[in-house]
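> Have a look at this one.
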Amino acid sequence: MNLEQVRQAYASVAELYIGLFGTSQQVHADDLAFIGRHLAGRPGPVLDLGCGPGHITGYLRSLGVDATGIDMVPEFIAHAQAAHPSGRYQLGSIDNLAVANHSIAGILAWYSLIHLSPQNLDGVLAEFRRAMAPAGTLVLGLFDGDEVAAFDHKVVTAYRWPVDELSERLTRAGFTEVERLQRPSEGTHRPHAAIAAIATEG
């Protein structure tokens, strides 16, 4: 599974996806609080990578965050620009950020790493670390599980991760976990986890 296949899959269901997930009211209140707690007040630019319809970027901006939404699906960017005209949204990819080294105060990757195969994750985390300013904050949302395993996501194949194992990957990439959030399955929702981590020195 490569990123172009992921882009095509989301583009094919963009209108439906926007209807289901396109507002911050459709995000769990605990998740919004977690995101805000770690990214609000950051002294510099924050990237919402894989921003989709732009709703969480808009939420961050409502908290005073200098947030830019980035997504590789043109339909999502067009919707985000129309729905949040005061925001900043642009096409881009998580594996090649068009920013200078150590220039970003924070990164939100809310379920935007779930389609990466395990062998491709470390390269993307290294790109995040390259972009991150000293002590910058990374916030991830992911599907929780007892082992790394692919499953049939409604859009395209995704992966679940044990939180401890993903935290170890973050450590190897130059981040230190500072908080995690885990929530068991609820109805049709799979087990969820979030990790906040700080870029370490060096």
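Quick note on naming: the chains in the structure tokens go A, B, ... in the order shown, residues restart at 1 in each chain, and ligands are numbered from 1 in order of appearance.
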Could you pull the residues within 10 Å of Gln182 of chain A, counting only C-alpha atoms, minus those fewer than 4 positions along the same chain, as a ChimeraX atom specification?
/A:31,141-144,163,191-195
> With the cut-off set at 12 Å and counting only C-alpha atoms, tabulate each residue of segment 113-194 of chain A with an atom at most that distance from an atom of segment 81-93 of chain A, showing the nearest atom pair and its distance in Å to one decimal, ordered by chain and increasing number, as a tab-separated table.

residue	atom	partner	partner_atom	distance
A:Leu113	CA	A:Ser93	CA	11.2
A:Val124	CA	A:Ser93	CA	10.0
A:Glu127	CA	A:Ser93	CA	10.9
A:Phe128	CA	A:Ser93	CA	11.5
> For the selection just defined, write its residues with all heavy atoms to a file, as a compact mmCIF listing (two decimals), in the first residue's frame.

# COMPACT_ATOMS: atom_id res chain seq x y z
N LEU A 113 -1.37 8.29 10.12
CA LEU A 113 -0.32 7.29 9.94
C LEU A 113 -0.86 5.87 9.87
O LEU A 113 -0.11 4.92 9.68
CB LEU A 113 0.69 7.36 11.10
CG LEU A 113 1.36 8.71 11.35
CD1 LEU A 113 2.35 8.61 12.51
CD2 LEU A 113 2.05 9.21 10.09
N VAL A 124 8.76 8.11 7.98
CA VAL A 124 7.87 9.26 8.17
C VAL A 124 8.14 9.92 9.52
O VAL A 124 8.18 11.15 9.62
CB VAL A 124 6.40 8.83 8.03
CG1 VAL A 124 5.45 9.95 8.44
CG2 VAL A 124 6.11 8.41 6.59
N GLU A 127 11.08 12.09 9.22
CA GLU A 127 10.75 13.35 8.55
C GLU A 127 10.08 14.32 9.52
O GLU A 127 10.38 15.52 9.52
CB GLU A 127 9.85 13.07 7.35
CG GLU A 127 9.31 14.31 6.62
CD GLU A 127 10.37 15.14 5.91
OE1 GLU A 127 11.58 14.86 6.06
OE2 GLU A 127 9.99 16.09 5.23
N PHE A 128 9.22 13.81 10.38
CA PHE A 128 8.62 14.66 11.41
C PHE A 128 9.71 15.25 12.31
O PHE A 128 9.68 16.44 12.63
CB PHE A 128 7.65 13.86 12.29
CG PHE A 128 6.37 13.44 11.61
CD1 PHE A 128 6.10 13.73 10.29
CD2 PHE A 128 5.41 12.72 12.32
CE1 PHE A 128 4.92 13.33 9.67
CE2 PHE A 128 4.23 12.33 11.74
CZ PHE A 128 3.98 12.62 10.41
> Hey, which of A:Arg160, A:Arg190, A:Arg129, A:His55 ends up closest to Arg172 of chain A? Count only C-alpha atoms.
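Nearest to Arg172 of chain A: A:Arg129.
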> Of the candidates A:Gly64, A:Pro162, A:Gly174, A:Pro118, which shows the shortest atom-to-atom distance to Leu138 of chain A, using only C-alpha atoms?
A:Gly174
> Once DSSP has gone over the backbone, tell me which residues of segment 73-186 of chain A are in alpha helix (DSSP H), as a PyMOL selection string.
chain A and resi 74-83+118-131+163-173
> Take the residues from that selection and write them out as a compact mmCIF listing (two decimals), in the first residue's frame, keeping N, CA and C atoms.

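Final output, again_18.txt:
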# COMPACT_ATOMS: atom_id res chain seq x y z
N PRO A 74 -7.12 16.50 -2.91
CA PRO A 74 -7.58 17.83 -3.31
C PRO A 74 -9.01 18.13 -2.86
N GLU A 75 -9.87 17.12 -2.86
CA GLU A 75 -11.26 17.33 -2.45
C GLU A 75 -11.35 17.77 -0.99
N PHE A 76 -10.50 17.23 -0.15
CA PHE A 76 -10.49 17.63 1.25
C PHE A 76 -10.00 19.07 1.41
N ILE A 77 -8.94 19.41 0.70
CA ILE A 77 -8.39 20.77 0.80
C ILE A 77 -9.41 21.79 0.30
N ALA A 78 -10.09 21.48 -0.80
CA ALA A 78 -11.10 22.41 -1.32
C ALA A 78 -12.22 22.62 -0.31
N HIS A 79 -12.67 21.54 0.31
CA HIS A 79 -13.72 21.66 1.32
C HIS A 79 -13.22 22.47 2.52
N ALA A 80 -12.02 22.19 2.99
CA ALA A 80 -11.48 22.89 4.16
C ALA A 80 -11.36 24.38 3.89
N GLN A 81 -10.91 24.75 2.70
CA GLN A 81 -10.77 26.16 2.38
C GLN A 81 -12.12 26.86 2.32
N ALA A 82 -13.15 26.13 1.85
CA ALA A 82 -14.49 26.72 1.79
C ALA A 82 -15.14 26.79 3.16
N ALA A 83 -14.95 25.74 3.98
CA ALA A 83 -15.59 25.69 5.29
C ALA A 83 -14.88 26.56 6.32
N PRO A 118 4.22 -1.06 8.57
CA PRO A 118 5.23 -0.92 9.63
C PRO A 118 6.62 -0.58 9.10
N GLN A 119 6.99 -1.10 7.95
CA GLN A 119 8.33 -0.82 7.43
C GLN A 119 8.48 0.61 6.91
N ASN A 120 7.37 1.31 6.69
CA ASN A 120 7.44 2.69 6.20
C ASN A 120 7.24 3.73 7.30
N LEU A 121 6.86 3.28 8.49
CA LEU A 121 6.55 4.24 9.55
C LEU A 121 7.79 5.01 10.00
N ASP A 122 8.91 4.33 10.18
CA ASP A 122 10.09 4.99 10.73
C ASP A 122 10.58 6.13 9.85
N GLY A 123 10.49 5.97 8.54
CA GLY A 123 10.91 7.03 7.64
C GLY A 123 10.06 8.29 7.79
N VAL A 124 8.76 8.11 7.98
CA VAL A 124 7.87 9.26 8.17
C VAL A 124 8.14 9.92 9.52
N LEU A 125 8.34 9.12 10.56
CA LEU A 125 8.67 9.71 11.86
C LEU A 125 10.00 10.48 11.80
N ALA A 126 10.95 9.99 11.03
CA ALA A 126 12.22 10.71 10.86
C ALA A 126 11.99 12.05 10.17
N GLU A 127 11.08 12.09 9.22
CA GLU A 127 10.75 13.35 8.55
C GLU A 127 10.08 14.32 9.52
N PHE A 128 9.22 13.81 10.38
CA PHE A 128 8.62 14.66 11.41
C PHE A 128 9.71 15.25 12.31
N ARG A 129 10.65 14.40 12.72
CA ARG A 129 11.72 14.86 13.62
C ARG A 129 12.61 15.90 12.93
N ARG A 130 12.86 15.72 11.64
CA ARG A 130 13.64 16.71 10.89
C ARG A 130 12.97 18.08 10.93
N ALA A 131 11.66 18.09 10.79
CA ALA A 131 10.93 19.35 10.72
C ALA A 131 10.74 20.00 12.09
N VAL A 163 0.24 0.40 21.87
CA VAL A 163 0.73 1.74 22.17
C VAL A 163 2.19 1.71 22.62
N ASP A 164 2.57 0.72 23.41
CA ASP A 164 3.96 0.64 23.86
C ASP A 164 4.92 0.51 22.68
N GLU A 165 4.53 -0.26 21.68
CA GLU A 165 5.43 -0.46 20.53
C GLU A 165 5.55 0.82 19.71
N LEU A 166 4.43 1.51 19.53
CA LEU A 166 4.52 2.77 18.78
C LEU A 166 5.32 3.80 19.57
N SER A 167 5.19 3.81 20.88
CA SER A 167 5.98 4.71 21.70
C SER A 167 7.47 4.42 21.56
N GLU A 168 7.83 3.14 21.46
CA GLU A 168 9.23 2.77 21.25
C GLU A 168 9.73 3.28 19.90
N ARG A 169 8.89 3.21 18.88
CA ARG A 169 9.26 3.75 17.57
C ARG A 169 9.51 5.26 17.67
N LEU A 170 8.67 5.94 18.41
CA LEU A 170 8.86 7.37 18.61
C LEU A 170 10.18 7.66 19.31
N THR A 171 10.51 6.87 20.31
CA THR A 171 11.77 7.04 21.02
C THR A 171 12.95 6.90 20.06
N ARG A 172 12.91 5.88 19.22
CA ARG A 172 14.00 5.68 18.25
C ARG A 172 14.10 6.83 17.26
N ALA A 173 12.97 7.48 16.98
CA ALA A 173 12.95 8.59 16.03
C ALA A 173 13.36 9.91 16.66
> Using only C-alpha atoms, I'd like a table of the residues in segment 45-90 of chain A that come within 7 Å of segment 97-106 of chain A; for each, show the closest atom pair and its distance in Å rounded to one decimal, ordered by chain and ascending number, as a tab-separated table.

residue	atom	partner	partner_atom	distance
A:Pro45	CA	A:Ile104	CA	5.4
A:Val46	CA	A:Gly106	CA	4.5
A:Leu47	CA	A:Gly106	CA	6.4
> Can you work out which one of A:Met132, A:Ala40, A:Val139, A:Ile56 has the shortest atom-to-atom distance to His28 of chain A, counting only C-alpha atoms?
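For His28 of chain A, the nearest of the given residues is A:Ile56.
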> Which residues of segment 86-128 of chain A sit at most 8 Å from segment 50-53 of chain A, using only C-alpha atoms? Give each one's shortest atom pair and distance in Å (one decimal place), in chain and ascending residue order, as JSON lines.

{"residue": "A:Ser93", "atom": "CA", "partner": "A:Gly50", "partner_atom": "CA", "distance": 7.8}
{"residue": "A:Ile94", "atom": "CA", "partner": "A:Gly50", "partner_atom": "CA", "distance": 7.2}
{"residue": "A:Ala109", "atom": "CA", "partner": "A:Gly50", "partner_atom": "CA", "distance": 6.6}
{"residue": "A:Trp110", "atom": "CA", "partner": "A:Gly50", "partner_atom": "CA", "distance": 7.3}
{"residue": "A:Tyr111", "atom": "CA", "partner": "A:Gly50", "partner_atom": "CA", "distance": 7.8}
{"residue": "A:Ser112", "atom": "CA", "partner": "A:Gly50", "partner_atom": "CA", "distance": 5.1}
> Store the residues of this selection in a file with N, CA and C atoms, as a compact mmCIF listing (two decimals), in the first residue's frame.

# COMPACT_ATOMS: atom_id res chain seq x y z
N SER A 93 2.22 16.00 1.45
CA SER A 93 2.30 14.61 1.85
C SER A 93 3.10 14.48 3.14
N ILE A 94 2.70 13.52 3.97
CA ILE A 94 3.34 13.35 5.27
C ILE A 94 4.79 12.89 5.16
N ALA A 109 -0.81 14.42 13.88
CA ALA A 109 -1.01 13.36 12.88
C ALA A 109 -2.15 12.48 13.41
N TRP A 110 -3.37 12.98 13.26
CA TRP A 110 -4.54 12.35 13.86
C TRP A 110 -5.09 11.30 12.89
N TYR A 111 -4.73 10.06 13.12
CA TYR A 111 -5.11 8.94 12.26
C TYR A 111 -4.53 9.05 10.85
N SER A 112 -3.53 9.87 10.66
CA SER A 112 -2.95 10.01 9.33
C SER A 112 -1.78 9.07 9.10
> I need the residue nearest Ile114 of chain A from this list: A:Ala197, A:Ala67, A:Ala9, A:Ala150. Use only C-alpha atoms for the distance.
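Nearest candidate to Ile114 of chain A out of A:Ala197, A:Ala67, A:Ala9, A:Ala150: A:Ala150.
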> Neighbouring residues of Asp48 of chain A were defined as those with any atom within 7 Å, considering only C-alpha atoms; residues of the same chain fewer than 5 positions away were excluded. Please report them as a PyMOL selection string.
chain A and resi 57+67-70+107-109
> Any chance you could list, as an mmCIF file with C-alpha atoms, in the first residue's frame, the residues in segment 32-148 of chain A that come up strand (DSSP E) when DSSP is run on the backbone?

data_model
loop_
_atom_site.group_PDB
_atom_site.id
_atom_site.type_symbol
_atom_site.label_atom_id
_atom_site.label_comp_id
_atom_site.auth_asym_id
_atom_site.auth_seq_id
_atom_site.Cartn_x
_atom_site.Cartn_y
_atom_site.Cartn_z
ATOM 1 C CA PRO A 45 3.724 26.994 13.475
ATOM 2 C CA VAL A 46 1.820 23.746 13.899
ATOM 3 C CA LEU A 47 1.036 21.324 11.065
ATOM 4 C CA ASP A 48 -2.137 19.238 10.995
ATOM 5 C CA LEU A 49 -0.922 16.455 8.717
ATOM 6 C CA ASP A 66 -0.823 29.016 14.187
ATOM 7 C CA ALA A 67 -2.057 25.855 12.466
ATOM 8 C CA THR A 68 -1.861 24.844 8.814
ATOM 9 C CA GLY A 69 -3.789 21.866 7.475
ATOM 10 C CA ILE A 70 -2.016 19.639 4.957
ATOM 11 C CA ASP A 71 -3.577 16.773 3.026
ATOM 12 C CA ARG A 88 -4.568 27.856 5.861
ATOM 13 C CA TYR A 89 -4.802 24.592 3.939
ATOM 14 C CA GLN A 90 -2.503 23.160 1.300
ATOM 15 C CA LEU A 91 -1.794 20.013 -0.621
ATOM 16 C CA ILE A 104 7.831 23.478 13.259
ATOM 17 C CA ALA A 105 6.605 23.869 16.847
ATOM 18 C CA GLY A 106 4.047 21.073 16.688
ATOM 19 C CA ILE A 107 2.643 18.318 14.499
ATOM 20 C CA LEU A 108 -0.751 16.687 14.706
ATOM 21 C CA ALA A 109 -1.011 13.360 12.884
ATOM 22 C CA TRP A 110 -4.542 12.346 13.855
ATOM 23 C CA MET A 132 10.403 19.673 14.478
ATOM 24 C CA ALA A 133 11.902 22.509 16.490
ATOM 25 C CA PRO A 134 13.670 21.660 19.773
ATOM 26 C CA ALA A 135 11.089 20.546 22.343
ATOM 27 C CA GLY A 136 8.371 20.599 19.681
ATOM 28 C CA THR A 137 5.286 18.463 20.301
ATOM 29 C CA LEU A 138 3.969 15.571 18.230
ATOM 30 C CA VAL A 139 0.420 14.299 18.799
ATOM 31 C CA LEU A 140 -0.715 11.047 17.180
ATOM 32 C CA GLY A 141 -4.090 9.321 16.986
ATOM 33 C CA LEU A 142 -4.154 5.615 16.181
ATOM 34 C CA PHE A 143 -6.046 2.343 16.396
ATOM 35 C CA ASP A 144 -5.001 0.384 19.481
#
> Could you give me, as a short mmCIF file (atom, residue, chain, number, x, y, z; two decimals) with C-alpha atoms, in the first residue's frame, the residues within 9 Å of Leu116 of chain A, counting only C-alpha atoms and dropping anything in the same chain fewer than 5 positions from it?

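And here is the file that came out, around_13.cif:
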data_model
loop_
_atom_site.label_atom_id
_atom_site.label_comp_id
_atom_site.auth_asym_id
_atom_site.auth_seq_id
_atom_site.Cartn_x
_atom_site.Cartn_y
_atom_site.Cartn_z
CA MET A 1 0.00 0.00 0.00
CA ASN A 2 1.56 3.31 -1.07
CA LEU A 3 0.43 6.86 -0.41
CA LEU A 121 6.55 4.24 9.55
CA VAL A 124 7.87 9.26 8.17
CA ALA A 158 -5.04 0.21 7.88
CA TYR A 159 -2.93 -0.98 10.81
#
